[in-house]
Every structure is written in C-alpha cells, then in structure tokens.
$ cat my_file19.cif   # mmCIF, C-alpha atoms
data_start
loop_
_atom_site.label_atom_id
_atom_site.label_comp_id
_atom_site.auth_asym_id
_atom_site.auth_seq_id
_atom_site.Cartn_x
_atom_site.Cartn_y
_atom_site.Cartn_z
CA MET A 1 -99.08 80.38 205.98
CA LEU A 2 -99.83 83.38 208.19
CA PRO A 3 -98.38 86.68 206.90
CA ALA A 4 -96.51 87.15 210.20
CA LEU A 5 -94.68 83.89 209.57
CA GLN A 6 -93.90 84.57 205.93
CA ALA A 7 -91.81 87.68 206.58
CA CYS A 8 -88.50 87.43 208.40
CA PRO A 9 -88.42 89.96 211.26
CA ARG A 10 -86.10 92.92 210.77
CA HIS A 11 -82.80 92.75 212.62
CA LEU A 12 -79.63 94.81 212.71
CA LEU A 13 -76.11 93.42 212.49
CA VAL A 14 -73.07 95.67 212.45
CA CYS A 15 -69.69 94.19 211.55
CA GLU A 16 -66.35 95.94 211.75
CA LYS A 17 -62.69 94.94 211.76
CA SER A 18 -59.81 96.63 213.50
CA SER A 19 -56.72 95.91 215.58
CA PHE A 20 -56.28 95.96 219.34
CA LEU A 21 -53.00 97.75 218.68
CA GLN A 22 -54.65 100.71 216.96
CA GLU A 23 -54.81 103.82 219.11
CA LYS A 24 -58.38 104.54 217.99
CA SER A 25 -59.64 100.97 218.46
CA ARG A 26 -63.12 101.04 220.00
CA HIS A 27 -63.18 97.51 221.44
CA SER A 28 -63.04 98.66 225.08
CA SER A 29 -65.71 101.33 224.66
CA HIS A 30 -68.11 98.84 223.05
CA VAL A 31 -67.66 96.39 225.91
CA GLU A 32 -68.07 99.08 228.58
CA ALA A 33 -71.20 100.49 226.94
CA HIS A 34 -73.05 97.14 226.94
CA HIS A 35 -74.07 97.16 230.60
CA TYR A 36 -76.30 94.13 231.19
CA ASN A 37 -74.90 90.76 230.12
CA TYR A 38 -76.40 87.36 230.76
CA SER A 39 -73.87 84.97 229.22
CA VAL A 40 -70.46 84.88 227.60
CA SER A 41 -69.19 81.98 225.46
CA VAL A 42 -65.60 81.30 224.46
CA LEU A 43 -64.79 79.05 221.47
CA LEU A 44 -61.22 77.73 221.16
CA PRO A 45 -60.54 75.79 217.94
CA GLU A 46 -57.91 73.06 218.11
CA CYS A 47 -58.10 73.02 221.89
CA ARG A 48 -59.25 70.30 224.31
CA HIS A 49 -58.80 71.93 227.73
CA LEU A 50 -59.47 75.38 229.14
CA PRO A 51 -56.08 77.10 229.53
CA ASP A 52 -55.03 77.73 233.13
CA LYS A 53 -54.92 81.52 232.74
CA LEU A 54 -58.45 81.64 231.35
CA LYS A 55 -59.58 79.28 234.09
CA HIS A 56 -58.07 81.67 236.66
CA VAL A 57 -59.94 84.67 235.20
CA ILE A 58 -63.25 82.80 235.29
CA ALA A 59 -62.64 81.54 238.84
CA GLY A 60 -61.90 85.12 239.94
CA MET A 61 -65.16 86.58 238.65
CA GLY A 62 -66.56 86.50 242.18
CA THR A 63 -70.30 86.74 242.85
CA TYR A 64 -73.34 88.91 242.23
CA HIS A 65 -76.50 89.37 244.31
CA LEU A 66 -80.25 88.97 244.04
CA ILE A 67 -82.21 91.35 246.29
CA LYS A 68 -85.86 90.50 246.83
CA ASN A 69 -88.65 93.09 246.76
CA LEU A 70 -86.39 96.16 246.80
CA PRO A 71 -88.23 99.53 246.57
CA LEU A 72 -86.97 101.99 243.96
CA HIS A 73 -86.74 104.78 246.51
CA GLU A 74 -83.71 103.01 248.05
CA PHE A 75 -81.70 104.10 245.02
CA ILE A 76 -82.31 107.82 245.54
CA LYS A 77 -81.16 107.96 249.17
CA PRO A 78 -78.08 110.15 249.77
CA GLU A 79 -76.25 107.33 251.57
CA PHE A 80 -76.73 105.06 248.55
CA ASN A 81 -75.41 107.81 246.29
CA ASP A 82 -72.32 108.27 248.46
CA GLY A 83 -71.60 104.57 248.98
CA PHE A 84 -72.33 103.21 245.49
CA ILE A 85 -73.06 105.74 242.73
CA LYS A 86 -70.12 108.03 243.49
CA GLN A 87 -67.84 105.00 243.79
CA GLY A 88 -68.83 103.97 240.26
CA LEU A 89 -69.30 100.64 238.48
CA PHE A 90 -72.60 99.73 240.15
CA TYR A 91 -75.18 97.76 238.13
CA ALA A 92 -78.77 96.86 239.00
CA LEU A 93 -81.44 95.26 236.81
CA SER A 94 -84.97 94.18 237.74
CA TYR A 95 -85.28 90.40 237.66
CA ASN A 96 -88.07 88.33 236.07
CA THR A 97 -89.65 91.41 234.51
CA ARG A 98 -90.69 91.51 230.85
CA ILE A 99 -89.88 94.64 228.90
CA ASP A 100 -92.90 94.23 226.63
CA GLN A 101 -95.46 93.61 229.42
CA ASP A 102 -94.20 94.63 232.88
CA ASN A 103 -92.63 97.63 234.56
CA VAL A 104 -88.84 97.33 234.36
CA ALA A 105 -86.08 99.25 236.14
CA ALA A 106 -82.30 99.47 235.99
CA VAL A 107 -79.44 101.48 237.48
CA LEU A 108 -76.61 102.20 235.05
CA PRO A 109 -72.96 102.55 236.16
CA THR A 110 -73.21 106.16 234.99
CA GLY A 111 -75.63 106.88 237.83
CA LYS A 112 -78.81 106.90 235.75
CA LEU A 113 -81.96 105.24 237.09
CA ILE A 114 -84.09 104.10 234.14
CA ILE A 115 -87.71 103.07 234.66
CA SER A 116 -89.71 101.62 231.77
CA VAL A 117 -93.40 101.62 232.69
CA ASN A 118 -96.83 101.12 231.18
CA LYS A 119 -99.16 104.05 230.60
CA ASP A 120 -101.17 103.59 233.81
CA THR A 121 -98.08 103.49 236.02
CA TYR A 122 -96.63 106.51 234.23
CA GLU A 123 -99.72 108.57 234.89
CA GLU A 124 -99.83 107.48 238.53
CA LEU A 125 -96.18 108.34 239.14
CA GLY A 126 -96.44 111.86 237.79
CA LEU A 127 -92.74 112.01 236.86
CA GLN A 128 -91.49 113.44 233.59
CA GLY A 129 -90.62 110.88 230.94
CA LYS A 130 -90.87 110.25 227.22
CA PRO A 131 -92.91 107.79 225.13
CA SER A 132 -91.18 104.57 224.20
CA LEU A 133 -89.73 104.62 220.70
CA TYR A 134 -91.59 101.39 219.97
CA SER A 135 -95.05 102.09 221.35
CA GLY A 136 -96.63 103.20 218.06
CA LYS A 137 -98.88 106.21 217.46
CA ARG A 138 -100.65 105.76 220.80
CA ALA A 139 -98.02 105.62 223.51
CA MET A 140 -98.63 102.68 225.85
CA ARG A 141 -95.16 102.66 227.44
CA TYR A 142 -92.96 105.43 228.79
CA ILE A 143 -89.30 105.75 229.75
CA ILE A 144 -88.37 107.75 232.85
CA THR A 145 -84.69 108.61 233.34
CA ILE A 146 -83.47 110.01 236.66
CA ASP A 147 -79.87 111.19 236.89
CA LEU A 148 -78.86 110.31 240.45
CA THR A 149 -75.69 112.40 240.06
CA ASP A 150 -77.62 115.57 239.16
CA ARG A 151 -77.18 118.42 241.63
CA ALA A 152 -80.96 118.86 241.58
CA MET A 153 -81.14 115.43 243.25
CA SER A 154 -79.55 116.75 246.45
CA PRO A 155 -81.80 116.13 249.49
CA ASP A 156 -82.85 119.79 249.74
CA GLY A 157 -83.70 120.11 246.05
CA LYS A 158 -87.26 120.29 244.72
CA LYS A 159 -86.59 117.60 242.14
CA PHE A 160 -85.39 115.19 244.82
CA GLN A 161 -88.44 115.90 246.96
CA ARG A 162 -90.78 115.23 244.05
CA VAL A 163 -89.05 112.00 243.02
CA ARG A 164 -89.03 110.75 246.60
CA TRP A 165 -92.72 111.58 247.01
CA ALA A 166 -93.58 109.80 243.74
CA LEU A 167 -91.62 106.63 244.63
CA THR A 168 -92.56 106.41 248.31
CA GLU A 169 -96.12 107.76 248.51
CA LYS A 170 -97.69 108.36 245.11
CA LYS A 171 -96.80 105.06 243.42
CA PRO A 172 -94.30 102.90 245.35
CA LEU A 173 -92.57 100.46 243.00
CA SER A 174 -90.62 97.41 244.16
CA PHE A 175 -88.73 94.78 242.18
CA ASP A 176 -86.45 91.83 242.65
CA PHE A 177 -83.06 93.16 241.54
CA LEU A 178 -79.89 91.60 240.24
CA VAL A 179 -77.01 93.68 241.59
CA ALA A 180 -73.30 93.61 240.71
CA ARG A 181 -70.31 95.81 241.44
CA ASP A 182 -66.84 96.17 239.97
CA ASN A 183 -65.74 98.32 242.88
CA THR A 184 -65.22 96.32 246.08
CA GLU A 185 -64.87 99.27 248.45
CA GLU A 186 -67.21 99.44 251.42
CA PRO A 187 -70.09 99.37 252.02
CA SER A 188 -70.72 95.89 250.69
CA THR A 189 -73.95 95.11 248.89
CA MET A 190 -75.12 92.64 251.51
CA SER A 191 -74.45 94.96 254.44
CA TYR A 192 -76.09 98.00 252.88
CA PHE A 193 -79.28 96.12 251.93
CA SER A 194 -79.35 94.07 255.13
CA ASN A 195 -83.00 95.01 255.74
CA TYR A 196 -83.96 92.99 252.67
CA VAL A 197 -83.56 89.38 251.59
CA VAL A 198 -80.22 89.26 249.77
CA LYS A 199 -78.96 86.11 248.05
CA GLU A 200 -75.36 85.75 246.94
CA CYS A 201 -75.18 84.10 243.50
CA LEU A 202 -72.35 82.23 241.82
CA TYR A 203 -71.63 82.28 238.12
CA LYS A 204 -72.39 79.02 236.34
CA MET A 205 -70.03 77.48 233.83
CA SER A 206 -70.65 74.74 231.28
CA SER A 207 -68.23 73.34 228.73
CA SER A 208 -68.03 70.83 225.93
CA VAL A 209 -65.41 69.43 223.56
CA SER A 210 -66.36 68.69 219.96
CA ARG A 211 -64.32 66.59 217.56
CA ASP A 212 -63.89 66.47 213.79
CA LEU A 213 -65.92 69.58 212.96
CA THR A 214 -65.92 71.66 209.81
CA PHE A 215 -64.87 75.25 210.61
CA PRO A 216 -64.88 78.28 208.29
CA VAL A 217 -61.55 79.58 207.07
CA LEU A 218 -61.02 83.17 208.26
CA LYS A 219 -58.57 85.84 207.16
CA SER A 220 -58.45 88.86 209.43
CA GLU A 221 -58.11 91.33 206.56
CA ASP A 222 -61.02 89.89 204.57
CA LEU A 223 -64.19 90.93 206.41
CA HIS A 224 -66.43 90.56 203.34
CA GLY A 225 -64.99 87.35 201.92
CA GLU A 226 -64.45 89.09 198.59
CA LYS A 227 -61.19 87.31 197.86
CA GLY A 228 -62.77 83.88 198.07
CA LYS A 229 -60.11 82.79 200.56
CA SER A 230 -62.08 83.65 203.67
CA CYS A 231 -65.61 83.30 205.00
CA CYS A 232 -67.45 86.64 205.18
CA ALA A 233 -68.27 88.07 208.61
CA HIS A 234 -72.07 87.78 208.25
CA GLU A 235 -71.99 84.09 207.33
CA PHE A 236 -69.49 83.40 210.10
CA PHE A 237 -71.76 85.11 212.67
CA ASP A 238 -74.65 82.79 211.73
CA TRP A 239 -72.38 79.76 211.92
CA LEU A 240 -70.98 80.86 215.29
CA GLY A 241 -74.50 81.11 216.68
CA ALA A 242 -75.22 77.55 215.56
CA ILE A 243 -72.00 76.18 217.06
CA SER A 244 -72.60 78.03 220.34
CA ASN A 245 -75.99 76.32 220.62
CA ASN A 246 -74.70 72.86 219.64
CA ILE A 247 -76.63 72.85 216.37
CA ASP A 248 -75.41 70.36 213.79
CA CYS A 249 -73.93 72.13 210.77
CA ASN A 250 -72.94 68.98 208.87
CA ASN A 251 -75.97 69.11 206.59
CA GLU A 252 -76.45 68.84 202.85
CA SER A 253 -77.95 71.78 200.99
CA SER A 254 -80.71 69.43 199.77
CA SER A 255 -81.64 68.25 203.27
CA PHE A 256 -85.35 68.58 204.06
CA ILE A 257 -84.85 68.93 207.82
CA SER A 258 -82.06 71.52 207.76
CA SER A 259 -80.05 72.89 204.88
CA PHE A 260 -77.80 75.02 207.08
CA CYS A 261 -74.17 74.01 206.71
CA CYS A 262 -70.74 75.43 207.38
CA PRO A 263 -69.99 78.33 205.02
CA GLU A 264 -67.17 78.09 202.51
CA PRO A 265 -64.24 78.00 202.37
CA ASN A 266 -63.91 75.65 205.32
CA THR A 267 -61.55 73.13 206.84
CA LEU A 268 -61.71 70.14 209.18
CA VAL A 269 -60.80 70.89 212.80
CA GLY A 270 -59.82 67.94 214.99
CA GLN A 271 -61.24 69.34 218.23
CA ALA A 272 -62.73 72.52 219.68
CA TYR A 273 -63.43 73.65 223.25
CA LEU A 274 -66.60 75.66 224.03
CA CYS A 275 -67.06 77.28 227.44
CA THR A 276 -70.13 79.28 228.52
CA ILE A 277 -70.47 81.39 231.69
CA THR A 278 -73.92 82.60 232.78
CA GLY A 279 -75.00 85.09 235.42
CA PHE A 280 -75.09 88.86 235.86
CA ILE A 281 -71.79 89.60 234.10
CA THR A 282 -70.35 93.10 234.19
CA PRO A 283 -68.34 94.68 231.34
CA VAL A 284 -65.15 94.72 233.42
CA LYS A 285 -65.24 90.92 233.72
CA ILE A 286 -65.80 90.57 229.98
CA GLN A 287 -62.90 92.92 229.27
CA GLN A 288 -60.68 90.68 231.42
CA LEU A 289 -61.67 87.70 229.27
CA VAL A 290 -60.96 89.64 226.07
CA ASN A 291 -57.52 90.63 227.36
CA GLN A 292 -56.73 87.03 228.31
CA LEU A 293 -57.82 85.77 224.89
CA ARG A 294 -55.42 88.24 223.32
CA GLU A 295 -52.62 86.69 225.40
CA TYR A 296 -53.77 83.21 224.35
CA PHE A 297 -51.64 83.55 221.20
CA SER A 298 -48.47 84.51 223.09
CA GLU A 299 -47.48 80.88 222.48
CA PRO A 300 -47.88 79.20 219.05
CA LYS A 301 -51.30 77.67 218.44
CA LEU A 302 -52.71 75.52 215.64
CA SER A 303 -55.69 77.86 215.26
CA GLN A 304 -55.34 81.40 213.96
CA TRP A 305 -58.39 82.74 215.82
CA VAL A 306 -60.66 82.36 218.86
CA SER A 307 -64.09 83.86 219.51
CA LEU A 308 -66.07 85.35 222.37
CA VAL A 309 -69.87 85.84 222.23
CA VAL A 310 -71.75 87.99 224.76
CA HIS A 311 -75.54 87.87 225.15
CA GLY A 312 -77.34 90.72 226.86
CA PHE A 313 -80.53 90.30 228.87
CA ALA A 314 -83.49 90.07 226.51
CA ASP A 315 -85.61 92.23 228.85
CA SER A 316 -83.06 94.89 229.66
CA PRO A 317 -84.44 98.43 229.15
CA VAL A 318 -81.25 99.44 227.29
CA SER A 319 -78.86 97.76 224.87
CA TRP A 320 -75.74 99.91 224.36
CA ARG A 321 -75.26 103.01 226.52
CA GLU A 322 -78.77 104.43 227.05
CA SER A 323 -80.26 103.24 223.75
CA GLU A 324 -83.74 101.88 224.39
CA HIS A 325 -84.08 98.13 223.98
CA GLY A 326 -87.33 96.45 222.93
CA PHE A 327 -88.36 92.81 222.86
CA PHE A 328 -90.80 92.30 219.94
CA LYS A 329 -90.11 88.63 219.02
CA GLY A 330 -86.75 87.65 220.42
CA GLY A 331 -85.11 90.43 222.41
CA GLU A 332 -81.83 90.01 220.51
CA ASN A 333 -79.08 91.96 222.20
CA LEU A 334 -75.58 90.57 221.67
CA TYR A 335 -72.08 91.06 220.34
CA SER A 336 -69.06 88.94 219.53
CA PHE A 337 -65.33 89.25 219.03
CA VAL A 338 -63.25 87.13 216.68
CA ILE A 339 -59.71 87.57 217.96
CA PHE A 340 -56.88 86.74 215.56
CA ASN A 341 -53.32 85.74 216.39
CA ASN A 342 -51.96 88.98 214.86
CA GLU A 343 -54.00 91.19 217.28
CA ASP A 344 -56.63 91.97 214.62
CA TYR A 345 -60.26 91.44 215.53
CA TRP A 346 -63.74 91.33 214.04
CA LEU A 347 -66.57 92.79 216.07
CA HIS A 348 -70.23 91.84 215.48
CA MET A 349 -73.05 93.76 217.19
CA ALA A 350 -76.63 92.54 216.75
CA VAL A 351 -80.04 93.69 217.95
CA GLY A 352 -83.62 92.84 217.04
CA THR A 353 -86.52 94.74 215.55
CA HIS A 354 -87.21 97.12 218.41
CA ASP A 355 -83.75 98.67 218.70
CA SER A 356 -81.74 101.42 217.10
CA CYS A 357 -78.54 100.64 215.23
CA PRO A 358 -75.67 99.59 217.52
CA PRO A 359 -72.99 102.27 218.02
#
$ encode --input "my_file19.cif" --output "structure tokens"
Amino acid sequence: MLPALQACPRHLLVCEKSSFLQEKSRHSSHVEAHHYNYSVSVLLPECRHLPDKLKHVIAGMGTYHLIKNLPLHEFIKPEFNDGFIKQGLFYALSYNTRIDQDNVAAVLPTGKLIISVNKDTYEELGLQGKPSLYSGKRAMRYIITIDLTDRAMSPDGKKFQRVRWALTEKKPLSFDFLVARDNTEEPSTMSYFSNYVVKECLYKMSSSVSRDLTFPVLKSEDLHGEKGKSCCAHEFFDWLGAISNNIDCNNESSSFISSFCCPEPNTLVGQAYLCTITGFITPVKIQQLVNQLREYFSEPKLSQWVSLVVHGFADSPVSWRESEHGFFKGGENLYSFVIFNNEDYWLHMAVGTHDSCPP
C-alpha cells in the first residue's frame, strides 16, 4: 500500500457543550463567523413530517444570485461601498474556482475583500499580501486582504488609486460570483449589477424518512460518554455524518465490507426525518433554523434531541472569520449542533488538514 494511503490525514474536531440560556453562550457568534455555507441538514428523530414552522422558515429563505464574469474592481467602487458594504450582511464568493489550483476571491460581510492567488498572479498584481500558511517553504500562493471600509480606500486616497490600477489595468481579474444579502434595502443585487448576466437562484431541498433505525443514546450533560449512559460526542459526530449521507450503520463489527455501526449505548427509533437544503446559505438563515429547532420542543416530543449540520464550501478562502482555509484532500469545513429539549446543546466544529483550529 502507498504510504499516502496508509496514514489517515490529520483533521481537527472541536466539541463543546453549553446552554442557549447561558449569557456567555457562543452559539450565535460561531454561526455568524462561518460565512460561506453550502448545505444545512436537519435530523428529527421520531418524526415523519417537517413541522409547519420549520417549513415556513425554509420557504422564507428567499433567493441568492449568480453573477457571470464579474470584475473584482466592481467591489471597490464608492457606489458599491455605499449601497452594499455600509449596509452590511453582503456575501460574495467566486464560483467554480478551486482553492488549491485557481485564483479565488470573496467579499466578507465585514467589508473585507480576500483574494487568494498563485505566485504569478500575485507578482503581476503588485498588491501587498502574505504567503499562504499552507504553501510550504517556497510560497506558491498568496493571500491579499483589502479592507473596503478603510478610510485609505476613499476615492482620493493613494491606496484606492493603487488598488484600482492593479485590478483594472495591471492585472484585471474576473470571476463568476455567488452573491447573497441579508439586508434587503435598495439597491437590489440584480439592479446594481444590471450590466452583467445575473441569474436568480432558488434553494434546493431534499428530504427522506427512515424507519426502524438504531440511534445513539445521548445525555446533554455527558459530552465524553464517561458515565456509560450516553454516546460520546466524537463517536456521535461520525455516526451523524453517516446518517446524513444515507450510509447503512446496521453492520456487524466482523463485516468485511463495513464494520462501522451505531455507537453504544443505542436504542431503536421507529422513524426519523432528514431534510437537506443546498445553495449559498447565509449565517442569518442558519440562525433562524437554529432558533426554530429550539422552539421545536415547546410541545412534548418522543425524542430528546434534534441535530443540524452545516457544510461550508470546500473551496472557500476562509473557514471561520478570516482564518485561511485550505483544501489538501477533502476541504472539510463544517459544524453541527445537537439541540436538546432542555435548551442544552453540543457544538461540533471540524476542519481538514490545511486549517487552523476552529475558534
């Protein structure tokens, strides 16, 4: 066997437990700091239909946009700054670009324009940046961060003039961009970028109902499973990934094909509803789902917990906040909540080899 296949690639998984009722709970800040999300999955044990209130939240998620061949210099224009950046909650991510091979760009809701480029592009642009954390001893990729809210980026500033020259004359860069907003004030995305091809995109939803499955037994206070009455958080996270991908967990430990099975202790669940939404999903929309799942237990339920799993874009230049994200083998970039009926929660945050530890 090749050495590269013998060793399991390094990954980082952070688990913590808390309560939504705690004043210092960080659940909202973690959601807000994970800017670029591709899918969110909700698992409801002992449930056969999507509750009406959750259905209403999903139906109200609205749309996002795909803008074709949009030049980067559009993002530094004063009118864009006034209409979008200063209004807040604007997200843009280059589409069909690979973080390990292509130039990639993104606009954060904080007003930062991040450009991840190869060495040749970096030298042609002539803008100040820093070597990628994952480029090795000889830097082959660089990260350029431009704060669009910086006073030096005013139209009469030298920094603005240099950035505009670099992006319009020296090395013009254009991408297809996914764009989303959580602020609906004018101007609208389609009207502002009317000179370009803009496609309005709908979120896609898929669902399935499973019957007679073995589910782990969870106790909100027992994150590590030390008491033997609850599955530990790490084992549950692996199991949740399998269930979310419709992987059979009813295996024997001696099975040649797959020995993965539901961790212990476990119990038989008569039915479970799994719903997955895909698209360019902003943190505000995910926070609405989290809040609705908290209300799910306002009426008695057979299950004591529900879960929500959020996958970030594998080729996003950042994971949480402005932490650089790398691809390496899988581009892992995800988190999950296990929400209990007593307002406790478990939070899992996972990234792959080329990432720093989640916050």
$ resolve_selection --input "my_file19.cif" --expression "the PyMOL selection byres ((chain A and resi 77) around 12)" --output "NGL selection string"
:A and (71-76 or 78-85 or 148-149 or 153-156 or 160-161 or 163-164 or 167-168 or 192)
$ atom_distance --input "my_file19.cif" --atom1 "atom CA of Lys199 of chain A" --atom2 "atom CA of Leu178 of chain A"
9.6 Å
$ resolve_selection --input "my_file19.cif" --expression "the PyMOL selection byres ((chain A and resi 337) around 9)" --output "count of residues only"
15
$ residues_around --input "my_file19.cif" --residues "segment 32-37 of chain A" --least-positions-apart "5" --cutoff "6 Å" --atoms "all atoms listed in the file" --output "JSON list (two decimals) with C-alpha atoms, in the frame of the given file"
[["chain", "number", "residue", "atom", "x", "y", "z"],
["A", 281, "ILE", "CA", -71.79, 89.60, 234.10],
["A", 283, "PRO", "CA", -68.34, 94.68, 231.34],
["A", 311, "HIS", "CA", -75.54, 87.87, 225.15],
["A", 312, "GLY", "CA", -77.34, 90.72, 226.86],
["A", 313, "PHE", "CA", -80.53, 90.30, 228.87],
["A", 320, "TRP", "CA", -75.74, 99.91, 224.36],
["A", 321, "ARG", "CA", -75.26, 103.01, 226.52]]
$ resolve_selection --input "my_file19.cif" --expression "the PyMOL selection byres ((chain A and resi 140) around 10)" --output "JSON list (two decimals) with C-alpha atoms, keeping the file's coordinate frame"
[["chain", "number", "residue", "atom", "x", "y", "z"],
["A", 117, "VAL", "CA", -93.40, 101.62, 232.69],
["A", 118, "ASN", "CA", -96.83, 101.12, 231.18],
["A", 119, "LYS", "CA", -99.16, 104.05, 230.60],
["A", 120, "ASP", "CA", -101.17, 103.59, 233.81],
["A", 122, "TYR", "CA", -96.63, 106.51, 234.23],
["A", 131, "PRO", "CA", -92.91, 107.79, 225.13],
["A", 132, "SER", "CA", -91.18, 104.57, 224.20],
["A", 134, "TYR", "CA", -91.59, 101.39, 219.97],
["A", 135, "SER", "CA", -95.05, 102.09, 221.35],
["A", 136, "GLY", "CA", -96.63, 103.20, 218.06],
["A", 137, "LYS", "CA", -98.88, 106.21, 217.46],
["A", 138, "ARG", "CA", -100.65, 105.76, 220.80],
["A", 139, "ALA", "CA", -98.02, 105.62, 223.51],
["A", 141, "ARG", "CA", -95.16, 102.66, 227.44],
["A", 142, "TYR", "CA", -92.96, 105.43, 228.79]]
$ residues_near_point --input "my_file19.cif" --point "(-64.3, 76.6, 212.4)" --cutoff "8 Å" --atoms "all atoms listed in the file" --output "list of chain:residue names"
A:Pro45, A:Leu213, A:Thr214, A:Phe215, A:Pro216, A:Val217, A:Asn266, A:Thr267, A:Leu268, A:Val269
$ closest_residue --input "my_file19.cif" --among "A:Val104, A:Met349, A:Ala92, A:Leu125" --to "Pro172 of chain A" --atoms "all atoms listed in the file"
A:Leu125
$ atom_distance --input "my_file19.cif" --atom1 "atom CA of Leu127 of chain A" --atom2 "atom CA of Ile144 of chain A"
7.3 Å
$ build_atoms --input "my_file19.cif" --residues "segment 62-70 of chain A" --atoms "all heavy atoms" --output "PDB file, in the frame of the given file"
ATOM      1  N   GLY A  62     -65.875  86.168 240.944  1.00  0.00           N
ATOM      2  CA  GLY A  62     -66.560  86.500 242.180  1.00  0.00           C
ATOM      3  C   GLY A  62     -68.034  86.132 242.166  1.00  0.00           C
ATOM      4  O   GLY A  62     -68.419  85.083 241.643  1.00  0.00           O
ATOM      5  N   THR A  63     -68.868  87.000 242.721  1.00  0.00           N
ATOM      6  CA  THR A  63     -70.300  86.740 242.850  1.00  0.00           C
ATOM      7  C   THR A  63     -71.102  87.982 242.480  1.00  0.00           C
ATOM      8  O   THR A  63     -70.548  89.072 242.316  1.00  0.00           O
ATOM      9  CB  THR A  63     -70.661  86.329 244.287  1.00  0.00           C
ATOM     10  OG1 THR A  63     -70.317  87.415 245.189  1.00  0.00           O
ATOM     11  CG2 THR A  63     -69.908  85.081 244.708  1.00  0.00           C
ATOM     12  N   TYR A  64     -72.392  87.799 242.341  1.00  0.00           N
ATOM     13  CA  TYR A  64     -73.340  88.910 242.230  1.00  0.00           C
ATOM     14  C   TYR A  64     -74.482  88.625 243.196  1.00  0.00           C
ATOM     15  O   TYR A  64     -74.463  87.609 243.900  1.00  0.00           O
ATOM     16  CB  TYR A  64     -73.834  89.083 240.796  1.00  0.00           C
ATOM     17  CG  TYR A  64     -74.544  87.875 240.227  1.00  0.00           C
ATOM     18  CD1 TYR A  64     -75.934  87.822 240.158  1.00  0.00           C
ATOM     19  CD2 TYR A  64     -73.826  86.781 239.727  1.00  0.00           C
ATOM     20  CE1 TYR A  64     -76.587  86.714 239.623  1.00  0.00           C
ATOM     21  CE2 TYR A  64     -74.473  85.683 239.195  1.00  0.00           C
ATOM     22  CZ  TYR A  64     -75.847  85.652 239.151  1.00  0.00           C
ATOM     23  OH  TYR A  64     -76.499  84.556 238.638  1.00  0.00           O
ATOM     24  N   HIS A  65     -75.471  89.504 243.290  1.00  0.00           N
ATOM     25  CA  HIS A  65     -76.500  89.370 244.310  1.00  0.00           C
ATOM     26  C   HIS A  65     -77.904  89.508 243.719  1.00  0.00           C
ATOM     27  O   HIS A  65     -78.100  90.224 242.734  1.00  0.00           O
ATOM     28  CB  HIS A  65     -76.312  90.407 245.415  1.00  0.00           C
ATOM     29  CG  HIS A  65     -75.031  90.236 246.182  1.00  0.00           C
ATOM     30  ND1 HIS A  65     -73.851  90.821 245.773  1.00  0.00           N
ATOM     31  CD2 HIS A  65     -74.738  89.530 247.309  1.00  0.00           C
ATOM     32  CE1 HIS A  65     -72.889  90.489 246.621  1.00  0.00           C
ATOM     33  NE2 HIS A  65     -73.402  89.715 247.554  1.00  0.00           N
ATOM     34  N   LEU A  66     -78.824  88.830 244.343  1.00  0.00           N
ATOM     35  CA  LEU A  66     -80.250  88.970 244.040  1.00  0.00           C
ATOM     36  C   LEU A  66     -80.917  89.524 245.291  1.00  0.00           C
ATOM     37  O   LEU A  66     -80.859  88.916 246.361  1.00  0.00           O
ATOM     38  CB  LEU A  66     -80.863  87.620 243.666  1.00  0.00           C
ATOM     39  CG  LEU A  66     -82.394  87.582 243.507  1.00  0.00           C
ATOM     40  CD1 LEU A  66     -82.847  88.502 242.378  1.00  0.00           C
ATOM     41  CD2 LEU A  66     -82.887  86.155 243.259  1.00  0.00           C
ATOM     42  N   ILE A  67     -81.535  90.700 245.167  1.00  0.00           N
ATOM     43  CA  ILE A  67     -82.210  91.350 246.290  1.00  0.00           C
ATOM     44  C   ILE A  67     -83.706  91.287 246.048  1.00  0.00           C
ATOM     45  O   ILE A  67     -84.201  91.745 245.012  1.00  0.00           O
ATOM     46  CB  ILE A  67     -81.754  92.814 246.440  1.00  0.00           C
ATOM     47  CG1 ILE A  67     -80.230  92.900 246.529  1.00  0.00           C
ATOM     48  CG2 ILE A  67     -82.394  93.459 247.674  1.00  0.00           C
ATOM     49  CD1 ILE A  67     -79.696  94.309 246.585  1.00  0.00           C
ATOM     50  N   LYS A  68     -84.419  90.726 246.990  1.00  0.00           N
ATOM     51  CA  LYS A  68     -85.860  90.500 246.830  1.00  0.00           C
ATOM     52  C   LYS A  68     -86.658  91.728 247.269  1.00  0.00           C
ATOM     53  O   LYS A  68     -86.378  92.345 248.294  1.00  0.00           O
ATOM     54  CB  LYS A  68     -86.292  89.287 247.672  1.00  0.00           C
ATOM     55  CG  LYS A  68     -85.513  88.005 247.372  1.00  0.00           C
ATOM     56  CD  LYS A  68     -85.869  87.415 246.025  1.00  0.00           C
ATOM     57  CE  LYS A  68     -87.251  86.818 246.042  1.00  0.00           C
ATOM     58  NZ  LYS A  68     -87.579  86.129 244.765  1.00  0.00           N
ATOM     59  N   ASN A  69     -87.652  92.070 246.430  1.00  0.00           N
ATOM     60  CA  ASN A  69     -88.650  93.090 246.760  1.00  0.00           C
ATOM     61  C   ASN A  69     -88.006  94.401 247.240  1.00  0.00           C
ATOM     62  O   ASN A  69     -88.351  94.935 248.299  1.00  0.00           O
ATOM     63  CB  ASN A  69     -89.611  92.556 247.826  1.00  0.00           C
ATOM     64  CG  ASN A  69     -90.919  93.335 247.864  1.00  0.00           C
ATOM     65  OD1 ASN A  69     -91.385  93.846 246.851  1.00  0.00           O
ATOM     66  ND2 ASN A  69     -91.519  93.428 249.041  1.00  0.00           N
ATOM     67  N   LEU A  70     -87.102  94.923 246.452  1.00  0.00           N
ATOM     68  CA  LEU A  70     -86.390  96.160 246.800  1.00  0.00           C
ATOM     69  C   LEU A  70     -87.117  97.368 246.221  1.00  0.00           C
ATOM     70  O   LEU A  70     -87.296  97.473 245.011  1.00  0.00           O
ATOM     71  CB  LEU A  70     -84.966  96.100 246.244  1.00  0.00           C
ATOM     72  CG  LEU A  70     -84.077  97.311 246.526  1.00  0.00           C
ATOM     73  CD1 LEU A  70     -83.794  97.444 248.011  1.00  0.00           C
ATOM     74  CD2 LEU A  70     -82.780  97.212 245.729  1.00  0.00           C
TER      75      LEU A  70
END
